[in-house]
>>> print(open('model_10.csv').read())   # CSV, C-alpha atoms
chain,number,residue,atom,x,y,z
A,1,MET,CA,6.8,-0.2,-33.7
A,2,LYS,CA,7.3,-4.0,-33.5
A,3,GLN,CA,4.1,-5.9,-32.7
A,4,ASN,CA,3.9,-9.5,-31.9
A,5,TYR,CA,0.8,-11.1,-33.3
A,6,TRP,CA,0.9,-14.1,-31.0
A,7,ASP,CA,1.8,-12.3,-27.8
A,8,VAL,CA,-1.2,-12.2,-25.4
A,9,SER,CA,0.3,-9.3,-23.4
A,10,ASP,CA,0.5,-7.4,-26.7
A,11,ILE,CA,-3.1,-8.0,-27.5
A,12,LEU,CA,-4.2,-7.0,-24.0
A,13,ALA,CA,-2.2,-3.8,-24.1
A,14,SER,CA,-3.8,-2.8,-27.4
A,15,SER,CA,-7.3,-3.1,-25.9
A,16,GLU,CA,-6.4,-0.8,-23.1
A,17,LYS,CA,-8.8,2.2,-23.3
A,18,ILE,CA,-7.4,5.7,-23.8
A,19,PRO,CA,-9.3,9.0,-23.8
A,20,THR,CA,-9.8,10.8,-27.1
A,21,ARG,CA,-11.6,13.9,-28.3
A,22,PHE,CA,-13.5,14.0,-31.5
A,23,ASN,CA,-12.5,16.8,-33.9
A,24,PHE,CA,-15.7,16.4,-36.0
A,25,THR,CA,-19.3,15.5,-35.5
A,26,VAL,CA,-19.6,11.9,-36.8
A,27,PRO,CA,-23.1,10.5,-37.4
A,28,GLY,CA,-24.1,6.9,-36.5
A,29,ILE,CA,-21.3,5.8,-34.2
A,30,GLY,CA,-23.0,6.7,-30.9
A,31,HIS,CA,-22.6,3.1,-29.8
A,32,LEU,CA,-19.0,3.9,-29.0
A,33,ASP,CA,-20.3,6.3,-26.3
A,34,ASN,CA,-23.2,4.2,-25.0
A,35,GLN,CA,-25.8,6.1,-27.2
A,36,PRO,CA,-26.5,3.7,-30.0
A,37,GLY,CA,-27.8,5.2,-33.2
A,38,LYS,CA,-26.9,8.8,-32.3
A,39,ALA,CA,-24.1,10.9,-33.6
A,40,ILE,CA,-21.0,11.8,-31.7
A,41,LYS,CA,-20.6,15.5,-31.6
A,42,LYS,CA,-17.5,17.5,-32.1
A,43,ASP,CA,-15.4,17.9,-28.9
A,44,THR,CA,-17.0,15.0,-27.2
A,45,LYS,CA,-14.6,13.0,-25.0
A,46,VAL,CA,-14.8,9.2,-25.6
A,47,GLU,CA,-12.7,6.4,-24.3
A,48,LEU,CA,-11.6,4.1,-27.1
A,49,PRO,CA,-9.3,1.0,-27.2
A,50,PHE,CA,-5.8,1.8,-28.2
A,51,TRP,CA,-6.0,-0.2,-31.5
A,52,LEU,CA,-9.0,1.8,-32.7
A,53,ALA,CA,-7.9,5.2,-31.4
A,54,GLN,CA,-4.5,4.7,-33.0
A,55,SER,CA,-5.8,4.2,-36.5
A,56,LEU,CA,-8.4,7.0,-36.2
A,57,ALA,CA,-5.9,9.4,-34.9
A,58,VAL,CA,-3.5,9.0,-37.8
A,59,ALA,CA,-6.2,8.8,-40.6
A,60,PRO,CA,-6.6,12.3,-42.1
A,61,VAL,CA,-10.1,13.3,-43.0
A,62,SER,CA,-9.8,16.9,-44.4
A,63,GLY,CA,-6.5,18.6,-44.6
A,64,ASP,CA,-4.3,17.8,-41.6
A,65,ALA,CA,-7.0,17.2,-39.1
A,66,SER,CA,-7.9,13.6,-38.2
A,67,ILE,CA,-11.2,12.3,-36.8
A,68,ILE,CA,-10.0,12.2,-33.2
A,69,MET,CA,-7.3,13.7,-31.0
A,70,LEU,CA,-5.5,11.5,-28.5
A,71,LEU,CA,-5.3,12.6,-24.9
A,72,ALA,CA,-2.8,11.2,-22.5
A,73,PRO,CA,-4.3,8.2,-20.7
A,74,ASP,CA,-4.3,8.0,-16.9
A,75,ALA,CA,-1.4,5.5,-17.0
A,76,LEU,CA,0.9,8.1,-18.6
A,77,ASN,CA,-0.3,11.4,-17.3
A,78,ASN,CA,2.1,13.9,-15.6
A,79,THR,CA,1.3,12.7,-12.1
A,80,VAL,CA,2.3,9.1,-13.0
A,81,GLN,CA,5.4,10.3,-14.8
A,82,ASN,CA,6.5,12.5,-11.9
A,83,ALA,CA,5.9,9.6,-9.5
A,84,ILE,CA,8.1,7.4,-11.8
A,85,LYS,CA,10.9,10.0,-11.8
A,86,SER,CA,10.8,10.5,-8.0
A,87,ASP,CA,10.7,6.8,-6.9
A,88,PRO,CA,10.6,4.1,-9.6
A,89,VAL,CA,10.6,1.2,-7.1
A,90,SER,CA,7.6,2.2,-5.0
A,91,ILE,CA,5.2,2.8,-7.8
A,92,ASP,CA,2.4,0.3,-8.3
A,93,LEU,CA,2.6,-0.4,-12.0
A,94,HIS,CA,0.2,-3.3,-12.0
A,95,SER,CA,-2.7,-1.2,-10.8
A,96,ILE,CA,-1.9,1.6,-13.2
A,97,ALA,CA,-1.9,-0.8,-16.2
A,98,PRO,CA,-1.2,-4.5,-16.2
A,99,ASN,CA,0.8,-4.2,-19.4
A,100,PHE,CA,2.3,-0.8,-18.6
A,101,TYR,CA,5.5,-1.2,-20.6
A,102,ILE,CA,3.9,-2.2,-23.8
A,103,LEU,CA,1.3,0.6,-23.5
A,104,ALA,CA,4.0,3.2,-22.8
A,105,GLU,CA,6.2,1.9,-25.6
A,106,ARG,CA,3.3,2.3,-28.1
A,107,TRP,CA,2.8,5.8,-26.8
A,108,CYS,CA,6.4,6.6,-27.3
A,109,ALA,CA,6.3,5.3,-30.8
A,110,LEU,CA,3.2,7.3,-31.7
A,111,PHE,CA,4.5,10.6,-30.4
A,112,THR,CA,8.2,10.0,-30.7
A,113,ASP,CA,8.3,11.0,-27.0
A,114,GLU,CA,12.0,10.8,-26.2
A,115,GLU,CA,11.6,12.1,-22.7
A,116,LEU,CA,9.1,9.4,-21.8
A,117,SER,CA,11.3,6.7,-23.3
A,118,GLU,CA,14.2,7.9,-21.2
A,119,THR,CA,12.0,7.8,-18.1
A,120,LEU,CA,10.9,4.3,-19.0
A,121,LYS,CA,14.4,3.1,-19.4
A,122,LYS,CA,15.3,4.4,-16.0
A,123,LEU,CA,12.1,2.9,-14.5
A,124,CYS,CA,12.9,-0.5,-16.1
A,125,LYS,CA,16.6,-0.5,-14.9
A,126,GLU,CA,15.8,0.4,-11.3
A,127,ARG,CA,13.0,-2.0,-11.0
A,128,ALA,CA,14.9,-4.8,-12.7
A,129,TYR,CA,17.7,-4.3,-10.1
A,130,GLU,CA,15.1,-4.6,-7.3
A,131,ILE,CA,13.5,-7.6,-9.0
A,132,ASN,CA,16.9,-9.4,-9.2
A,133,ASN,CA,17.4,-8.7,-5.5
A,134,PHE,CA,14.1,-10.3,-4.6
A,135,ALA,CA,14.5,-13.2,-7.0
A,136,SER,CA,17.9,-14.2,-5.6
A,137,ASN,CA,16.8,-13.8,-2.0
A,138,THR,CA,13.6,-15.9,-1.7
A,139,SER,CA,13.7,-16.0,2.1
A,140,LYS,CA,13.2,-12.2,2.2
A,141,GLN,CA,9.6,-11.2,3.0
A,142,ILE,CA,7.9,-12.8,0.0
A,143,ASN,CA,4.6,-11.0,0.5
A,144,ASN,CA,6.2,-7.7,0.2
A,145,ASN,CA,4.1,-5.2,-1.7
A,146,PHE,CA,6.7,-4.7,-4.4
A,147,ILE,CA,6.0,-8.1,-5.9
A,148,LEU,CA,2.4,-7.3,-6.2
A,149,SER,CA,3.2,-4.0,-7.9
A,150,LEU,CA,5.0,-5.7,-10.9
A,151,ASP,CA,3.5,-5.4,-14.3
A,152,GLU,CA,3.2,-8.5,-16.6
A,153,PHE,CA,6.6,-8.2,-18.1
A,154,GLU,CA,8.2,-7.8,-14.7
A,155,LYS,CA,6.4,-10.7,-13.3
A,156,LYS,CA,7.8,-12.9,-16.1
A,157,LEU,CA,11.2,-11.5,-15.5
A,158,TYR,CA,10.9,-12.2,-11.8
A,159,LYS,CA,9.9,-15.8,-12.5
A,160,ARG,CA,12.7,-16.5,-14.9
A,161,THR,CA,15.3,-15.0,-12.7
A,162,MET,CA,14.1,-16.9,-9.7
A,163,GLU,CA,14.0,-20.2,-11.6
A,164,SER,CA,17.5,-19.6,-12.9
A,165,ASN,CA,18.9,-18.8,-9.4
A,166,ARG,CA,17.1,-21.8,-7.9
A,167,ASN,CA,18.4,-24.2,-10.5
A,168,LEU,CA,22.0,-23.2,-9.7
A,169,ARG,CA,21.5,-23.3,-6.0
A,170,ASP,CA,19.8,-26.7,-6.0
A,171,TRP,CA,22.5,-28.1,-8.2
A,172,LEU,CA,25.3,-26.7,-6.0
A,173,ASN,CA,23.6,-28.3,-3.0
A,174,ASP,CA,23.2,-31.6,-4.8
A,175,GLN,CA,19.4,-31.4,-4.8
A,176,ALA,CA,19.0,-31.3,-8.6
B,177,MET,CA,8.4,-25.8,-28.7
B,178,SER,CA,7.2,-28.0,-25.9
B,179,LEU,CA,10.3,-27.5,-23.8
B,180,PRO,CA,10.0,-25.1,-20.9
B,181,SER,CA,11.5,-21.7,-21.9
B,182,ASN,CA,14.2,-21.8,-19.2
B,183,ILE,CA,15.6,-25.0,-20.7
B,184,LYS,CA,15.2,-23.8,-24.3
B,185,GLN,CA,17.2,-20.6,-23.9
B,186,ASN,CA,19.5,-21.6,-21.1
B,187,LEU,CA,21.7,-24.4,-20.0
B,188,MET,CA,21.0,-26.4,-16.9
B,189,PRO,CA,23.9,-26.4,-14.3
B,190,SER,CA,24.1,-30.2,-14.8
B,191,GLU,CA,24.6,-29.7,-18.5
B,192,ILE,CA,27.5,-27.3,-17.9
B,193,SER,CA,28.9,-29.8,-15.5
B,194,PHE,CA,28.6,-32.5,-18.2
B,195,MET,CA,30.5,-30.3,-20.6
B,196,THR,CA,33.2,-29.7,-18.1
B,197,GLU,CA,33.8,-33.4,-17.9
B,198,ASN,CA,35.1,-33.2,-21.4
B,199,GLU,CA,38.0,-30.9,-20.4
B,200,TYR,CA,41.4,-32.5,-20.1
B,201,ILE,CA,43.0,-33.1,-16.7
B,202,GLN,CA,46.3,-34.6,-15.6
B,203,ILE,CA,46.3,-37.9,-13.9
B,204,LEU,CA,48.9,-40.0,-12.2
B,205,PRO,CA,48.0,-43.6,-13.2
B,206,ARG,CA,48.8,-46.4,-10.8
B,207,TYR,CA,48.6,-49.2,-13.4
B,208,SER,CA,49.6,-49.4,-17.0
B,209,MET,CA,47.0,-49.5,-19.7
B,210,LYS,CA,47.1,-49.5,-23.5
B,211,SER,CA,45.8,-46.6,-25.4
B,212,ILE,CA,42.2,-46.6,-26.5
B,213,GLN,CA,40.9,-44.9,-29.6
B,214,LEU,CA,37.5,-43.5,-29.0
B,215,ILE,CA,35.2,-41.5,-31.3
B,216,GLY,CA,36.4,-38.0,-31.0
B,217,THR,CA,39.1,-38.6,-28.5
B,218,LYS,CA,42.0,-40.9,-27.7
B,219,ILE,CA,43.2,-42.1,-24.4
B,220,PRO,CA,47.0,-42.3,-24.5
B,221,ASN,CA,49.1,-45.2,-23.3
B,222,LEU,CA,49.0,-45.0,-19.5
B,223,ARG,CA,52.2,-46.1,-17.7
B,224,ALA,CA,52.2,-46.3,-13.9
B,225,LEU,CA,53.4,-43.1,-12.2
B,226,ARG,CA,53.8,-41.2,-15.4
B,227,ARG,CA,51.6,-38.1,-15.8
B,228,GLU,CA,49.2,-38.1,-18.7
B,229,LYS,CA,46.3,-35.8,-19.8
B,230,VAL,CA,43.0,-37.5,-20.2
B,231,PRO,CA,39.4,-36.2,-20.4
B,232,LEU,CA,38.0,-35.6,-16.9
B,233,TRP,CA,35.3,-38.2,-17.3
B,234,VAL,CA,37.9,-40.9,-17.9
B,235,ALA,CA,39.9,-39.6,-15.0
B,236,LEU,CA,36.8,-39.9,-12.8
B,237,ILE,CA,36.1,-43.5,-13.9
B,238,LEU,CA,39.8,-44.6,-13.2
B,239,LYS,CA,39.7,-42.7,-9.9
B,240,SER,CA,36.5,-44.5,-8.8
B,241,GLN,CA,38.2,-47.8,-9.5
B,242,GLY,CA,41.3,-46.7,-7.6
B,243,LYS,CA,43.5,-46.9,-10.7
B,244,CYS,CA,44.8,-43.3,-10.7
B,245,ASN,CA,45.3,-40.1,-8.7
B,246,ILE,CA,44.1,-36.9,-10.2
B,247,VAL,CA,46.6,-34.1,-10.4
B,248,ILE,CA,44.7,-31.2,-8.9
B,249,PRO,CA,44.9,-28.0,-11.1
B,250,ASP,CA,47.3,-25.4,-9.6
B,251,TRP,CA,44.4,-23.0,-8.8
B,252,LEU,CA,42.5,-25.3,-6.6
B,253,ASN,CA,44.3,-24.7,-3.3
B,254,LEU,CA,43.8,-22.5,-0.3
B,255,ILE,CA,46.7,-20.1,-1.0
B,256,TYR,CA,45.8,-19.3,-4.6
B,257,LEU,CA,42.0,-19.0,-3.8
B,258,LYS,CA,42.7,-16.8,-0.7
B,259,ALA,CA,44.8,-14.5,-2.9
B,260,ARG,CA,42.0,-14.3,-5.5
B,261,TYR,CA,39.6,-13.5,-2.7
B,262,ASP,CA,41.8,-10.7,-1.5
B,263,GLU,CA,42.0,-9.5,-5.1
B,264,GLU,CA,38.2,-9.4,-5.3
B,265,VAL,CA,38.1,-7.3,-2.1
B,266,LYS,CA,40.8,-5.0,-3.3
B,267,PHE,CA,39.4,-4.3,-6.8
B,268,PRO,CA,35.7,-3.7,-6.6
B,269,MET,CA,35.3,-3.1,-10.3
B,270,LYS,CA,37.1,-6.2,-11.6
B,271,PHE,CA,36.7,-10.0,-11.4
B,272,SER,CA,39.8,-11.9,-10.4
B,273,ASP,CA,41.3,-14.4,-12.8
B,274,LEU,CA,39.7,-17.8,-12.4
B,275,PRO,CA,39.2,-20.6,-14.9
B,276,PHE,CA,35.9,-20.4,-16.8
B,277,ASN,CA,34.7,-23.5,-15.2
B,278,TRP,CA,36.0,-23.0,-11.7
B,279,ILE,CA,32.7,-23.6,-9.9
B,280,ASP,CA,31.7,-26.8,-11.6
B,281,LEU,CA,35.3,-28.2,-11.8
B,282,SER,CA,35.9,-27.6,-8.1
B,283,LYS,CA,32.5,-29.1,-7.2
B,284,ILE,CA,33.4,-32.3,-9.1
B,285,LEU,CA,36.9,-32.6,-7.7
B,286,LEU,CA,35.8,-31.8,-4.2
B,287,SER,CA,33.2,-34.6,-4.2
B,288,LYS,CA,35.0,-37.2,-6.4
B,289,ALA,CA,38.6,-36.9,-5.5
B,290,PRO,CA,38.8,-35.5,-1.9
B,291,ASP,CA,41.9,-37.5,-1.1
B,292,ASP,CA,43.9,-35.9,-3.9
B,293,LEU,CA,43.3,-32.3,-2.7
B,294,PRO,CA,46.2,-30.4,-1.1
B,295,ASP,CA,44.0,-28.8,1.6
B,296,PRO,CA,41.1,-30.0,3.8
B,297,VAL,CA,37.9,-30.2,1.8
B,298,HIS,CA,35.8,-28.1,4.2
B,299,GLN,CA,38.3,-25.2,4.1
B,300,LEU,CA,38.3,-25.3,0.3
B,301,ARG,CA,34.6,-25.5,0.2
B,302,SER,CA,34.2,-22.4,2.5
B,303,ILE,CA,36.7,-20.3,0.5
B,304,ILE,CA,35.0,-21.2,-2.7
B,305,GLN,CA,31.6,-20.3,-1.2
B,306,ASP,CA,33.2,-16.9,-0.1
B,307,LEU,CA,34.5,-16.3,-3.6
B,308,ARG,CA,31.2,-17.1,-5.1
B,309,GLU,CA,29.3,-14.8,-2.8
B,310,ILE,CA,31.7,-11.8,-3.2
B,311,ARG,CA,31.4,-12.2,-7.0
B,312,GLN,CA,27.7,-12.4,-6.8
B,313,VAL,CA,27.6,-9.1,-4.9
B,314,LYS,CA,29.8,-7.6,-7.5
B,315,THR,CA,27.6,-8.8,-10.4
B,316,ARG,CA,24.6,-7.4,-8.6
B,317,LYS,CA,26.3,-4.0,-8.3
B,318,GLY,CA,27.1,-4.2,-12.0
B,319,LEU,CA,23.4,-4.6,-12.9
B,320,LYS,CA,22.9,-0.9,-12.1
B,321,GLU,CA,25.0,-0.1,-15.2
B,322,VAL,CA,22.9,-2.2,-17.6
B,323,ASN,CA,21.9,-0.6,-20.9
B,324,GLU,CA,20.2,-1.5,-24.1
B,325,SER,CA,23.2,-2.2,-26.3
B,326,ASN,CA,26.1,-3.9,-24.5
B,327,ILE,CA,27.4,-5.5,-21.3
B,328,GLY,CA,30.8,-6.4,-20.1
B,329,LEU,CA,31.1,-9.8,-18.4
B,330,SER,CA,34.9,-10.3,-18.5
B,331,GLY,CA,36.1,-12.6,-15.9
B,332,LEU,CA,32.8,-14.3,-15.2
B,333,SER,CA,32.6,-18.1,-15.5
B,334,LEU,CA,30.2,-20.0,-17.7
B,335,LEU,CA,28.1,-21.0,-14.8
B,336,GLU,CA,27.8,-17.5,-13.4
B,337,ILE,CA,26.9,-16.1,-16.8
B,338,ASN,CA,24.4,-18.8,-17.3
B,339,GLU,CA,22.7,-18.0,-14.0
B,340,LEU,CA,22.5,-14.3,-15.1
B,341,ARG,CA,21.3,-15.0,-18.7
B,342,PRO,CA,17.5,-15.1,-18.4
B,343,PHE,CA,17.5,-11.9,-16.4
B,344,MET,CA,20.0,-10.1,-18.5
B,345,LEU,CA,18.4,-11.1,-21.8
B,346,SER,CA,14.9,-10.0,-20.7
B,347,VAL,CA,15.9,-6.7,-19.3
B,348,MET,CA,18.2,-5.7,-22.2
B,349,ASN,CA,15.6,-6.8,-24.7
B,350,LYS,CA,13.0,-4.6,-23.0
B,351,LEU,CA,15.4,-1.7,-22.9
B,352,ARG,CA,16.1,-2.1,-26.5
B,353,GLU,CA,12.4,-2.2,-27.4
B,354,ILE,CA,11.9,1.0,-25.4
B,355,HIS,CA,14.9,2.6,-27.0
B,356,GLU,CA,13.8,1.7,-30.5
B,357,SER,CA,10.2,2.7,-30.0
B,358,VAL,CA,11.1,6.4,-30.5
B,359,ARG,CA,13.4,5.7,-33.4
B,360,HIS,CA,11.3,4.2,-36.2
B,361,ASP,CA,13.9,4.6,-38.9
B,362,ASP,CA,17.1,3.5,-37.3
B,363,TYR,CA,16.7,-0.2,-37.5
B,364,ASP,CA,15.0,-2.6,-39.8
B,365,ASP,CA,12.9,-4.5,-37.3
B,366,GLU,CA,13.0,-7.6,-39.4
B,367,GLU,CA,16.7,-8.0,-38.9
B,368,VAL,CA,16.6,-7.8,-35.2
B,369,ILE,CA,16.4,-11.3,-33.8
B,370,ASP,CA,14.0,-11.4,-31.0
B,371,VAL,CA,15.4,-13.8,-28.4
B,372,ASP,CA,12.6,-13.4,-26.0
B,373,ASP,CA,9.2,-13.5,-27.7
B,374,ASP,CA,8.0,-16.8,-26.4
B,375,GLU,CA,5.1,-17.3,-24.1
B,376,ASP,CA,5.2,-19.4,-21.0
>>> encode(input="model_10.csv", output="structure tokens")
Amino acid sequence: MKQNYWDVSDILASSEKIPTRFNFTVPGIGHLDNQPGKAIKKDTKVELPFWLAQSLAVAPVSGDASIIMLLAPDALNNTVQNAIKSDPVSIDLHSIAPNFYILAERWCALFTDEELSETLKKLCKERAYEINNFASNTSKQINNNFILSLDEFEKKLYKRTMESNRNLRDWLNDQA
Amino acid sequence: MSLPSNIKQNLMPSEISFMTENEYIQILPRYSMKSIQLIGTKIPNLRALRREKVPLWVALILKSQGKCNIVIPDWLNLIYLKARYDEEVKFPMKFSDLPFNWIDLSKILLSKAPDDLPDPVHQLRSIIQDLREIRQVKTRKGLKEVNESNIGLSGLSLLEINELRPFMLSVMNKLREIHESVRHDDYDDEEVIDVDDDED
């Protein structure tokens, strides 16, 4: 999975918390679960940032088992995925996760989840189409909820598209 | 690095218009003038009432001094443009055949050489506007077919592609990233040139 060291969205996405379950009792790391000094027992559920959970989940301890098991985060659970499938345009990505796409991409990469990646592509296409509609038509109700539901990538996309359209329009009307 | 990203990755409409001024166009000189050798181009001997091809910017200078008439390209008239418009309506999946710089060239000629045009300026302007709008609607329809690997833009002019570029690049790049995220071994990530990793 490509990561961009300098990309702020990338950094923010990797600090997104995801639920995990411990496969072993690990002494001395209770501070991860608000109990400093104590041990985290086997089968405890703890929310860890993605960057930490990712490395712990792939590092084997004994045999094939790793320290923790990743559970699907709220942003990617079945309810959300079904909502995406039924109506990609009306879903509020920004409140689900501000950097939804990056988070979801990481998840795809970790689990090689083809189905999720297909869902994501469909989501991206349909919303991009709608974003373009909004961007080329600034007189349309600007405080529509759709604009507020965009994730960070989509916001950037909207801004770029709008600027490009405005450049051309201004030039054609001799205002540039 | 310090340029805004929309200028770094894309051309301004005025820059495209500037490039169009380097295209050759036929003029009908009213006076004679000796040839001029310029860096990169040569203005031929001009003889009164004998058609010559010169760069558009030269034509515009001579025109503004009243020293020539510009021969309007054969596509810039009502009959041809109306036919193209009907074509656009008739074939919803295809763009009609127009020069790659039809928007900018027509804008320049309409404003700088209105007396050379075969038809009234306002009629030409409105048919050009109609053409542009119907092509925009078509482009927008085409966006539904976007995918991560390729896109067909045959028939679109430079200005129209340029308008679409920031949107298209971002979306296709995202789709490619999603596509590749589940295929770790297919590509060497180092070789993929990321056109879109800047921050604004």
>>> residues_near_point(input="model_10.csv", point="(45.4, -45.8, -26.8)", cutoff="12 Å", atoms="all atoms listed in the file", output="list in words")
Ser208, Met209, Lys210, Ser211, Ile212, Gln213, Leu214, Ile215, Thr217, Lys218, Ile219, Pro220, Asn221, Leu222, Arg223, Glu228 and Val230 of chain B
>>> closest_residue(input="model_10.csv", among="A:Asn167, A:Gln35, A:Asn132, A:Asn144", to="Lys320 in chain B", atoms="only C-alpha atoms")
A:Asn132
>>> interface_residues(input="model_10.csv", of="chain B", to="chain A", cutoff="6 Å", atoms="only C-alpha atoms", output="tab-separated table (two decimals) with C-alpha atoms, in the coordinates of the input")
chain	number	residue	atom	x	y	z
B	189	PRO	CA	23.90	-26.40	-14.30
B	339	GLU	CA	22.70	-18.00	-14.00
B	343	PHE	CA	17.50	-11.90	-16.40
B	354	ILE	CA	11.90	1.00	-25.40
B	357	SER	CA	10.20	2.70	-30.00
B	358	VAL	CA	11.10	6.40	-30.50
>>> residues_near_point(input="model_10.csv", point="(40.9, -10.6, -2.6)", cutoff="12 Å", atoms="all atoms listed in the file", output="count of residues only")
24
>>> atom_distance(input="model_10.csv", atom1="CA of Ser190 in chain B", atom2="CA of Asn338 in chain B")
11.7 Å
>>> atom_distance(input="model_10.csv", atom1="CA of Leu252 in chain B", atom2="CA of Gln202 in chain B")
13.5 Å
>>> atom_distance(input="model_10.csv", atom1="CA of Lys41 in chain A", atom2="CA of Pro27 in chain A")
8.1 Å
>>> closest_residue(input="model_10.csv", among="B:Ile203, B:Arg226, B:Ile279, B:Gly242", to="Glu309 in chain B", atoms="all atoms listed in the file")
B:Ile279
>>> decode(input="model_10.csv", residues="range 118-133 of chain A", atoms="N, CA and C atoms", output="PDB file, in the first residue's frame")
ATOM      1  N   GLU A 118     -14.453  -2.930  -4.643  1.00  0.00           N
ATOM      2  CA  GLU A 118     -15.443  -2.676  -5.700  1.00  0.00           C
ATOM      3  C   GLU A 118     -16.514  -1.694  -5.214  1.00  0.00           C
ATOM      4  N   THR A 119     -16.949  -1.895  -3.975  1.00  0.00           N
ATOM      5  CA  THR A 119     -17.937  -0.981  -3.394  1.00  0.00           C
ATOM      6  C   THR A 119     -17.388   0.442  -3.359  1.00  0.00           C
ATOM      7  N   LEU A 120     -16.110   0.562  -2.961  1.00  0.00           N
ATOM      8  CA  LEU A 120     -15.471   1.874  -2.889  1.00  0.00           C
ATOM      9  C   LEU A 120     -15.418   2.552  -4.240  1.00  0.00           C
ATOM     10  N   LYS A 121     -15.075   1.772  -5.267  1.00  0.00           N
ATOM     11  CA  LYS A 121     -14.982   2.342  -6.613  1.00  0.00           C
ATOM     12  C   LYS A 121     -16.334   2.899  -7.049  1.00  0.00           C
ATOM     13  N   LYS A 122     -17.366   2.120  -6.777  1.00  0.00           N
ATOM     14  CA  LYS A 122     -18.705   2.557  -7.146  1.00  0.00           C
ATOM     15  C   LYS A 122     -19.065   3.834  -6.382  1.00  0.00           C
ATOM     16  N   LEU A 123     -18.750   3.827  -5.100  1.00  0.00           N
ATOM     17  CA  LEU A 123     -19.004   4.991  -4.260  1.00  0.00           C
ATOM     18  C   LEU A 123     -18.296   6.222  -4.817  1.00  0.00           C
ATOM     19  N   CYS A 124     -17.016   6.043  -5.130  1.00  0.00           N
ATOM     20  CA  CYS A 124     -16.199   7.154  -5.631  1.00  0.00           C
ATOM     21  C   CYS A 124     -16.778   7.697  -6.936  1.00  0.00           C
ATOM     22  N   LYS A 125     -17.133   6.803  -7.868  1.00  0.00           N
ATOM     23  CA  LYS A 125     -17.659   7.224  -9.172  1.00  0.00           C
ATOM     24  C   LYS A 125     -18.943   8.010  -9.026  1.00  0.00           C
ATOM     25  N   GLU A 126     -19.881   7.442  -8.271  1.00  0.00           N
ATOM     26  CA  GLU A 126     -21.193   8.089  -8.195  1.00  0.00           C
ATOM     27  C   GLU A 126     -21.113   9.430  -7.497  1.00  0.00           C
ATOM     28  N   ARG A 127     -20.295   9.495  -6.456  1.00  0.00           N
ATOM     29  CA  ARG A 127     -20.177  10.766  -5.740  1.00  0.00           C
ATOM     30  C   ARG A 127     -19.407  11.786  -6.558  1.00  0.00           C
ATOM     31  N   ALA A 128     -18.391  11.303  -7.304  1.00  0.00           N
ATOM     32  CA  ALA A 128     -17.623  12.216  -8.156  1.00  0.00           C
ATOM     33  C   ALA A 128     -18.545  12.855  -9.191  1.00  0.00           C
ATOM     34  N   TYR A 129     -19.435  12.052  -9.747  1.00  0.00           N
ATOM     35  CA  TYR A 129     -20.393  12.575 -10.724  1.00  0.00           C
ATOM     36  C   TYR A 129     -21.230  13.691 -10.113  1.00  0.00           C
ATOM     37  N   GLU A 130     -21.692  13.445  -8.905  1.00  0.00           N
ATOM     38  CA  GLU A 130     -22.510  14.427  -8.204  1.00  0.00           C
ATOM     39  C   GLU A 130     -21.694  15.677  -7.846  1.00  0.00           C
ATOM     40  N   ILE A 131     -20.445  15.458  -7.442  1.00  0.00           N
ATOM     41  CA  ILE A 131     -19.564  16.579  -7.105  1.00  0.00           C
ATOM     42  C   ILE A 131     -19.372  17.469  -8.321  1.00  0.00           C
ATOM     43  N   ASN A 132     -19.162  16.832  -9.471  1.00  0.00           N
ATOM     44  CA  ASN A 132     -18.987  17.606 -10.693  1.00  0.00           C
ATOM     45  C   ASN A 132     -20.227  18.431 -11.005  1.00  0.00           C
ATOM     46  N   ASN A 133     -21.402  17.834 -10.787  1.00  0.00           N
ATOM     47  CA  ASN A 133     -22.642  18.571 -10.997  1.00  0.00           C
ATOM     48  C   ASN A 133     -22.700  19.815 -10.127  1.00  0.00           C
TER      49      ASN A 133
END
